Amino acid sequence: MIAVRNLVKTIRNGAHQVEIIRNISFDVPSRQFVAVMGPSGSGKSTLLGLIAGLDWPTSGTILIDGQDITELREDEMAQLRGKKLGFVFQSYHLIPTLTALENVILPMEFSRGTNGAMARAEYLLESVGLIERRDHYPAQLSGGEQQRVALARAFMMRPAVLLADEPTGNLDSANGKHVLELLIRLNEEEGTTLILVTHDELLASHAERRIVLRDGRIVEDSREAGAIN
């Protein structure tokens, strides 16, 4: 489902070039659950942003379902994101002027109209235990409830790939555990490929595979024999 080849991301810091991602290559088969770990500054979130097409690499290629996204124009990338990618972020990114239900429906309105959107959104809100809060605005919801709405929204378009960046980072342990359980259950039910960036060992322990970055390089890949430690 995802193929990363010789990926490099360099940024300019004053007069110097800083390599954030250093010649990374790996494959992720369909439906695999991968946890990406590493210390702060290791390149985890940068890698996720590159896979999402939110940023462009300095060199290398990223294929999603056989399509090289590094060759796409911004409008083409936006279309691919709408069809194949779902996102869950640490800070929820809900629209404050929309209700929970409207936030969940939003991706379908942007992509291919609202046919079947209401039933799909209600099903997902029911799945995350928030159907009774469907008409509440984000400010009326707790942090855990907002993240559950964000989770429902991420699955709205039945994405082939779900990208999650520290999805429980702003939550207490009880809410974090609840969101994790929902994420795993929905991911299994929907059959998505999941790449999750996290510092949390509990989250990572549920993944089929763990990739660890350090200084922009893969230093451990639990799928590969002879990983560097």
# chains A, B, ... in the order shown; residues from 1 in each chain; ligands from 1

call {"tool": "closest_atom_pairs", "arguments": {"of": "segment 89-205 of chain A", "to": "segment 48-58 of chain A", "cutoff": "9 Å", "atoms": "only C-alpha atoms", "output": "CSV"}}
result
residue,atom,partner,partner_atom,distance
A:Leu163,CA,A:Leu48,CA,7.1
A:Ala164,CA,A:Leu48,CA,8.3
A:Asp165,CA,A:Leu48,CA,7.6
A:Ile195,CA,A:Leu48,CA,8.0
A:Leu196,CA,A:Leu48,CA,8.6
A:Val197,CA,A:Leu48,CA,7.6

call {"tool": "write_last_selection", "arguments": {"atoms": "all heavy atoms", "output": "JSON list (two decimals), in the first residue's frame"}}
result
[["chain", "number", "residue", "atom", "x", "y", "z"],
["A", 163, "LEU", "N", -3.46, 7.98, 8.82],
["A", 163, "LEU", "CA", -2.24, 8.52, 9.41],
["A", 163, "LEU", "C", -2.62, 9.21, 10.71],
["A", 163, "LEU", "O", -3.46, 10.10, 10.72],
["A", 163, "LEU", "CB", -1.58, 9.51, 8.45],
["A", 163, "LEU", "CG", -1.29, 8.96, 7.05],
["A", 163, "LEU", "CD1", -0.84, 10.07, 6.12],
["A", 163, "LEU", "CD2", -0.26, 7.84, 7.10],
["A", 164, "ALA", "N", -1.98, 8.81, 11.80],
["A", 164, "ALA", "CA", -2.31, 9.35, 13.12],
["A", 164, "ALA", "C", -1.04, 9.88, 13.78],
["A", 164, "ALA", "O", -0.07, 9.14, 13.93],
["A", 164, "ALA", "CB", -2.96, 8.28, 13.99],
["A", 165, "ASP", "N", -1.04, 11.16, 14.15],
["A", 165, "ASP", "CA", 0.13, 11.80, 14.75],
["A", 165, "ASP", "C", -0.16, 12.10, 16.22],
["A", 165, "ASP", "O", -0.90, 13.03, 16.54],
["A", 165, "ASP", "CB", 0.46, 13.09, 14.00],
["A", 165, "ASP", "CG", 1.84, 13.64, 14.38],
["A", 165, "ASP", "OD1", 2.51, 13.04, 15.23],
["A", 165, "ASP", "OD2", 2.24, 14.67, 13.81],
["A", 195, "ILE", "N", -0.68, 4.02, 9.99],
["A", 195, "ILE", "CA", 0.64, 4.46, 10.44],
["A", 195, "ILE", "C", 0.43, 5.45, 11.57],
["A", 195, "ILE", "O", -0.19, 6.50, 11.38],
["A", 195, "ILE", "CB", 1.46, 5.09, 9.31],
["A", 195, "ILE", "CG1", 1.68, 4.08, 8.19],
["A", 195, "ILE", "CG2", 2.80, 5.58, 9.84],
["A", 195, "ILE", "CD1", 2.54, 4.60, 7.06],
["A", 196, "LEU", "N", 0.93, 5.11, 12.73],
["A", 196, "LEU", "CA", 0.70, 5.89, 13.93],
["A", 196, "LEU", "C", 2.03, 6.37, 14.50],
["A", 196, "LEU", "O", 2.91, 5.57, 14.79],
["A", 196, "LEU", "CB", -0.07, 5.05, 14.95],
["A", 196, "LEU", "CG", -0.46, 5.69, 16.28],
["A", 196, "LEU", "CD1", -1.76, 5.08, 16.78],
["A", 196, "LEU", "CD2", 0.62, 5.51, 17.34],
["A", 197, "VAL", "N", 2.19, 7.68, 14.62],
["A", 197, "VAL", "CA", 3.37, 8.28, 15.26],
["A", 197, "VAL", "C", 3.06, 8.46, 16.74],
["A", 197, "VAL", "O", 2.03, 9.04, 17.11],
["A", 197, "VAL", "CB", 3.72, 9.63, 14.62],
["A", 197, "VAL", "CG1", 4.69, 10.42, 15.50],
["A", 197, "VAL", "CG2", 4.32, 9.42, 13.25]]

call {"tool": "residues_around", "arguments": {"residues": "segment 69-71 of chain A", "least_positions_apart": "3", "cutoff": "12 Å", "atoms": "only C-alpha atoms", "output": "compact mmCIF listing (two decimals) with C-alpha atoms, in the first residue's frame"}}
result
# COMPACT_ATOMS: atom_id res chain seq x y z
CA ILE A 2 2.87 2.40 0.82
CA ALA A 3 6.37 2.28 -0.65
CA VAL A 4 9.01 4.80 0.48
CA ARG A 5 12.24 4.87 -1.49
CA LEU A 7 13.51 9.55 1.01
CA VAL A 8 15.41 12.70 1.96
CA LEU A 50 5.60 13.61 3.64
CA ILE A 51 3.51 10.44 3.34
CA ALA A 52 0.38 12.59 3.64
CA GLY A 53 1.57 14.85 0.83
CA LEU A 54 1.42 17.85 3.16
CA ASP A 55 5.08 18.52 2.37
CA TRP A 56 7.41 17.52 -0.46
CA PRO A 57 10.67 15.61 -0.07
CA THR A 58 14.00 16.97 -1.22
CA SER A 59 14.56 13.69 -3.07
CA GLY A 60 13.20 10.17 -3.15
CA THR A 61 9.76 8.76 -3.92
CA ILE A 62 6.59 7.85 -2.03
CA LEU A 63 4.08 5.52 -3.65
CA ILE A 64 0.57 5.15 -2.26
CA ASP A 65 -1.35 2.28 -3.81
CA GLY A 66 1.11 2.36 -6.70
CA GLU A 74 -1.17 20.20 -5.32
CA ASP A 75 -4.71 19.86 -6.71
CA GLU A 76 -4.03 16.24 -7.68
CA MET A 77 -2.61 15.53 -4.23
CA ALA A 78 -5.68 17.08 -2.62
CA GLN A 79 -7.89 14.73 -4.64
CA LEU A 80 -5.83 11.71 -3.62
CA ARG A 81 -5.95 12.76 0.06
CA LYS A 84 -7.44 7.50 0.06

call {"tool": "closest_residue", "arguments": {"among": "A:Thr198, A:Ser205, A:Asn6, A:Ser222", "to": "Pro39 of chain A", "atoms": "only C-alpha atoms"}}
result
A:Thr198

call {"tool": "atom_distance", "arguments": {"atom1": "atom CA of Thr192 of chain A", "atom2": "atom CA of Asp215 of chain A"}}
result
28.9 Å

call {"tool": "atom_distance", "arguments": {"atom1": "atom CA of Leu203 of chain A", "atom2": "atom CA of Gln90 of chain A"}}
result
13.7 Å

call {"tool": "residues_around", "arguments": {"residues": "Tyr123 of chain A", "least_positions_apart": "2", "cutoff": "12 Å", "atoms": "only C-alpha atoms", "output": "PyMOL selection string"}}
result
chain A and resi 101+104-105+116-121+125-132+134+149+152-153+155-156+186

call {"tool": "write_last_selection", "arguments": {"atoms": "C-alpha atoms", "output": "mmCIF file, in the first residue's frame"}}
result
data_model
loop_
_atom_site.group_PDB
_atom_site.id
_atom_site.type_symbol
_atom_site.label_atom_id
_atom_site.label_comp_id
_atom_site.auth_asym_id
_atom_site.auth_seq_id
_atom_site.Cartn_x
_atom_site.Cartn_y
_atom_site.Cartn_z
ATOM 1 C CA LEU A 101 -22.127 15.638 13.086
ATOM 2 C CA VAL A 104 -17.753 14.240 10.621
ATOM 3 C CA ILE A 105 -19.689 14.818 7.368
ATOM 4 C CA GLY A 116 -25.269 8.697 2.063
ATOM 5 C CA ALA A 117 -23.247 11.099 4.210
ATOM 6 C CA MET A 118 -25.769 11.461 7.016
ATOM 7 C CA ALA A 119 -26.175 7.732 7.573
ATOM 8 C CA ARG A 120 -22.398 7.171 7.423
ATOM 9 C CA ALA A 121 -21.681 10.007 9.862
ATOM 10 C CA LEU A 125 -20.648 8.765 15.790
ATOM 11 C CA GLU A 126 -22.557 5.780 17.163
ATOM 12 C CA SER A 127 -19.388 3.706 16.827
ATOM 13 C CA VAL A 128 -17.398 6.153 18.959
ATOM 14 C CA GLY A 129 -20.229 6.532 21.488
ATOM 15 C CA LEU A 130 -21.183 10.114 20.658
ATOM 16 C CA ILE A 131 -24.461 9.915 18.739
ATOM 17 C CA GLU A 132 -26.220 11.732 21.584
ATOM 18 C CA ARG A 134 -24.197 14.954 17.492
ATOM 19 C CA VAL A 149 -15.231 13.067 16.732
ATOM 20 C CA ALA A 152 -15.039 9.354 13.271
ATOM 21 C CA ARG A 153 -14.252 12.070 10.713
ATOM 22 C CA PHE A 155 -12.948 7.179 8.751
ATOM 23 C CA MET A 156 -15.748 9.047 6.955
ATOM 24 C CA LEU A 186 -12.470 0.981 13.767
#

call {"tool": "residues_around", "arguments": {"residues": "Ala174 of chain A", "least_positions_apart": "6", "cutoff": "12 Å", "atoms": "only C-alpha atoms", "output": "PyMOL selection string"}}
result
chain A and resi 143-144+168+180-181

call {"tool": "write_last_selection", "arguments": {"atoms": "all heavy atoms", "output": "CSV table (one decimal), in the first residue's frame"}}
result
chain,number,residue,atom,x,y,z
A,143,GLY,N,-12.0,17.1,25.8
A,143,GLY,CA,-10.9,16.7,24.9
A,143,GLY,C,-11.0,15.3,24.3
A,143,GLY,O,-10.8,15.1,23.1
A,144,GLY,N,-11.4,14.4,25.2
A,144,GLY,CA,-11.6,13.0,24.7
A,144,GLY,C,-12.7,12.9,23.7
A,144,GLY,O,-12.6,12.1,22.7
A,168,THR,N,-3.3,10.5,21.1
A,168,THR,CA,-3.7,10.5,22.5
A,168,THR,C,-2.8,11.5,23.3
A,168,THR,O,-2.9,11.5,24.5
A,168,THR,CB,-3.6,9.1,23.1
A,168,THR,OG1,-2.3,8.7,23.1
A,168,THR,CG2,-4.5,8.2,22.4
A,180,LEU,N,-7.6,4.9,22.0
A,180,LEU,CA,-6.8,3.8,21.4
A,180,LEU,C,-7.6,2.6,21.1
A,180,LEU,O,-7.5,2.0,20.0
A,180,LEU,CB,-5.7,3.4,22.4
A,180,LEU,CG,-4.9,2.2,22.0
A,180,LEU,CD1,-4.2,2.4,20.7
A,180,LEU,CD2,-3.9,1.8,23.1
A,181,GLU,N,-8.5,2.2,22.0
A,181,GLU,CA,-9.4,1.1,21.8
A,181,GLU,C,-10.3,1.3,20.6
A,181,GLU,O,-10.5,0.4,19.7
A,181,GLU,CB,-10.2,0.8,23.0
A,181,GLU,CG,-9.4,0.2,24.2
A,181,GLU,CD,-10.1,0.2,25.5
A,181,GLU,OE1,-11.2,0.7,25.5
A,181,GLU,OE2,-9.6,-0.4,26.5

call {"tool": "select_by_dssp", "arguments": {"residues": "segment 35-210 of chain A", "states": "strand (DSSP E)", "output": "list in words"}}
result
Ala35, Val36, Met37, Ser59, Gly60, Thr61, Ile62, Leu63, Ile64, Gln67, Asp68, Leu85, Gly86, Phe87, Val88, Phe89, Val161, Leu162, Leu163, Ala164, Asp165, Thr193, Leu194, Ile195, Leu196, Val197, Arg209 and Arg210 of chain A

call {"tool": "closest_residue", "arguments": {"among": "A:Met1, A:Arg73, A:Phe33, A:Val88", "to": "Ala207 of chain A", "atoms": "only C-alpha atoms"}}
result
A:Phe33

call {"tool": "decode", "arguments": {"residues": "segment 80-104 of chain A", "atoms": "N, CA, C and O atoms", "output": "CSV table (one decimal), in the first residue's frame"}}
result
chain,number,residue,atom,x,y,z
A,80,LEU,N,-6.3,13.0,-4.2
A,80,LEU,CA,-5.8,11.7,-3.6
A,80,LEU,C,-6.0,11.7,-2.1
A,80,LEU,O,-6.5,10.6,-1.6
A,81,ARG,N,-5.7,12.7,-1.4
A,81,ARG,CA,-6.0,12.8,0.1
A,81,ARG,C,-7.4,12.5,0.4
A,81,ARG,O,-7.8,11.8,1.3
A,82,GLY,N,-8.3,13.2,-0.4
A,82,GLY,CA,-9.7,13.0,-0.2
A,82,GLY,C,-10.2,11.6,-0.4
A,82,GLY,O,-11.2,11.2,0.3
A,83,LYS,N,-9.6,10.9,-1.3
A,83,LYS,CA,-10.1,9.6,-1.7
A,83,LYS,C,-9.4,8.5,-0.8
A,83,LYS,O,-10.1,7.5,-0.5
A,84,LYS,N,-8.2,8.6,-0.5
A,84,LYS,CA,-7.4,7.5,0.1
A,84,LYS,C,-6.8,7.7,1.4
A,84,LYS,O,-6.4,6.7,2.1
A,85,LEU,N,-6.8,8.9,1.9
A,85,LEU,CA,-6.1,9.2,3.2
A,85,LEU,C,-7.0,9.8,4.3
A,85,LEU,O,-7.8,10.6,4.0
A,86,GLY,N,-6.8,9.2,5.5
A,86,GLY,CA,-7.5,9.8,6.6
A,86,GLY,C,-6.5,10.3,7.6
A,86,GLY,O,-5.4,9.8,7.7
A,87,PHE,N,-6.9,11.3,8.5
A,87,PHE,CA,-5.9,11.9,9.4
A,87,PHE,C,-6.5,12.0,10.8
A,87,PHE,O,-7.7,12.3,11.0
A,88,VAL,N,-5.7,11.7,11.8
A,88,VAL,CA,-6.0,12.0,13.2
A,88,VAL,C,-4.8,12.7,13.8
A,88,VAL,O,-3.7,12.2,13.8
A,89,PHE,N,-5.0,13.9,14.3
A,89,PHE,CA,-3.9,14.7,14.9
A,89,PHE,C,-4.1,14.9,16.4
A,89,PHE,O,-5.2,14.7,16.9
A,90,GLN,N,-3.0,15.2,17.0
A,90,GLN,CA,-3.0,15.4,18.5
A,90,GLN,C,-4.0,16.5,18.9
A,90,GLN,O,-4.6,16.5,19.9
A,91,SER,N,-4.1,17.6,18.0
A,91,SER,CA,-4.9,18.8,18.4
A,91,SER,C,-6.3,18.8,17.8
A,91,SER,O,-6.9,19.9,17.7
A,92,TYR,N,-6.8,17.7,17.3
A,92,TYR,CA,-8.1,17.4,16.9
A,92,TYR,C,-8.5,18.1,15.6
A,92,TYR,O,-9.0,17.5,14.7
A,93,HIS,N,-8.2,19.4,15.4
A,93,HIS,CA,-8.5,20.1,14.2
A,93,HIS,C,-10.0,20.1,13.8
A,93,HIS,O,-10.3,19.9,12.6
A,94,LEU,N,-10.8,20.2,14.8
A,94,LEU,CA,-12.3,20.3,14.5
A,94,LEU,C,-12.6,21.8,14.1
A,94,LEU,O,-12.0,22.7,14.6
A,95,ILE,N,-13.6,21.9,13.3
A,95,ILE,CA,-14.1,23.3,12.9
A,95,ILE,C,-15.0,23.8,14.0
A,95,ILE,O,-16.1,23.2,14.3
A,96,PRO,N,-14.7,24.8,14.7
A,96,PRO,CA,-15.4,25.2,15.9
A,96,PRO,C,-16.9,25.7,15.7
A,96,PRO,O,-17.7,25.6,16.6
A,97,THR,N,-17.2,26.1,14.5
A,97,THR,CA,-18.5,26.6,14.2
A,97,THR,C,-19.4,25.5,13.6
A,97,THR,O,-20.6,25.7,13.3
A,98,LEU,N,-18.9,24.3,13.6
A,98,LEU,CA,-19.7,23.1,13.1
A,98,LEU,C,-20.0,22.2,14.2
A,98,LEU,O,-19.1,22.0,15.1
A,99,THR,N,-21.1,21.5,14.2
A,99,THR,CA,-21.4,20.5,15.2
A,99,THR,C,-20.6,19.3,15.0
A,99,THR,O,-19.9,19.1,14.0
A,100,ALA,N,-20.7,18.4,16.0
A,100,ALA,CA,-20.0,17.1,15.9
A,100,ALA,C,-20.4,16.4,14.6
A,100,ALA,O,-19.5,15.9,13.8
A,101,LEU,N,-21.7,16.3,14.3
A,101,LEU,CA,-22.1,15.6,13.1
A,101,LEU,C,-21.6,16.3,11.8
A,101,LEU,O,-21.1,15.7,10.9
A,102,GLU,N,-21.7,17.6,11.8
A,102,GLU,CA,-21.2,18.4,10.6
A,102,GLU,C,-19.7,18.2,10.4
A,102,GLU,O,-19.2,18.2,9.3
A,103,ASN,N,-18.9,18.2,11.5
A,103,ASN,CA,-17.5,17.9,11.4
A,103,ASN,C,-17.2,16.6,10.8
A,103,ASN,O,-16.3,16.5,10.0
A,104,VAL,N,-18.0,15.6,11.1
A,104,VAL,CA,-17.8,14.2,10.6
A,104,VAL,C,-18.1,14.2,9.1
A,104,VAL,O,-17.4,13.5,8.3
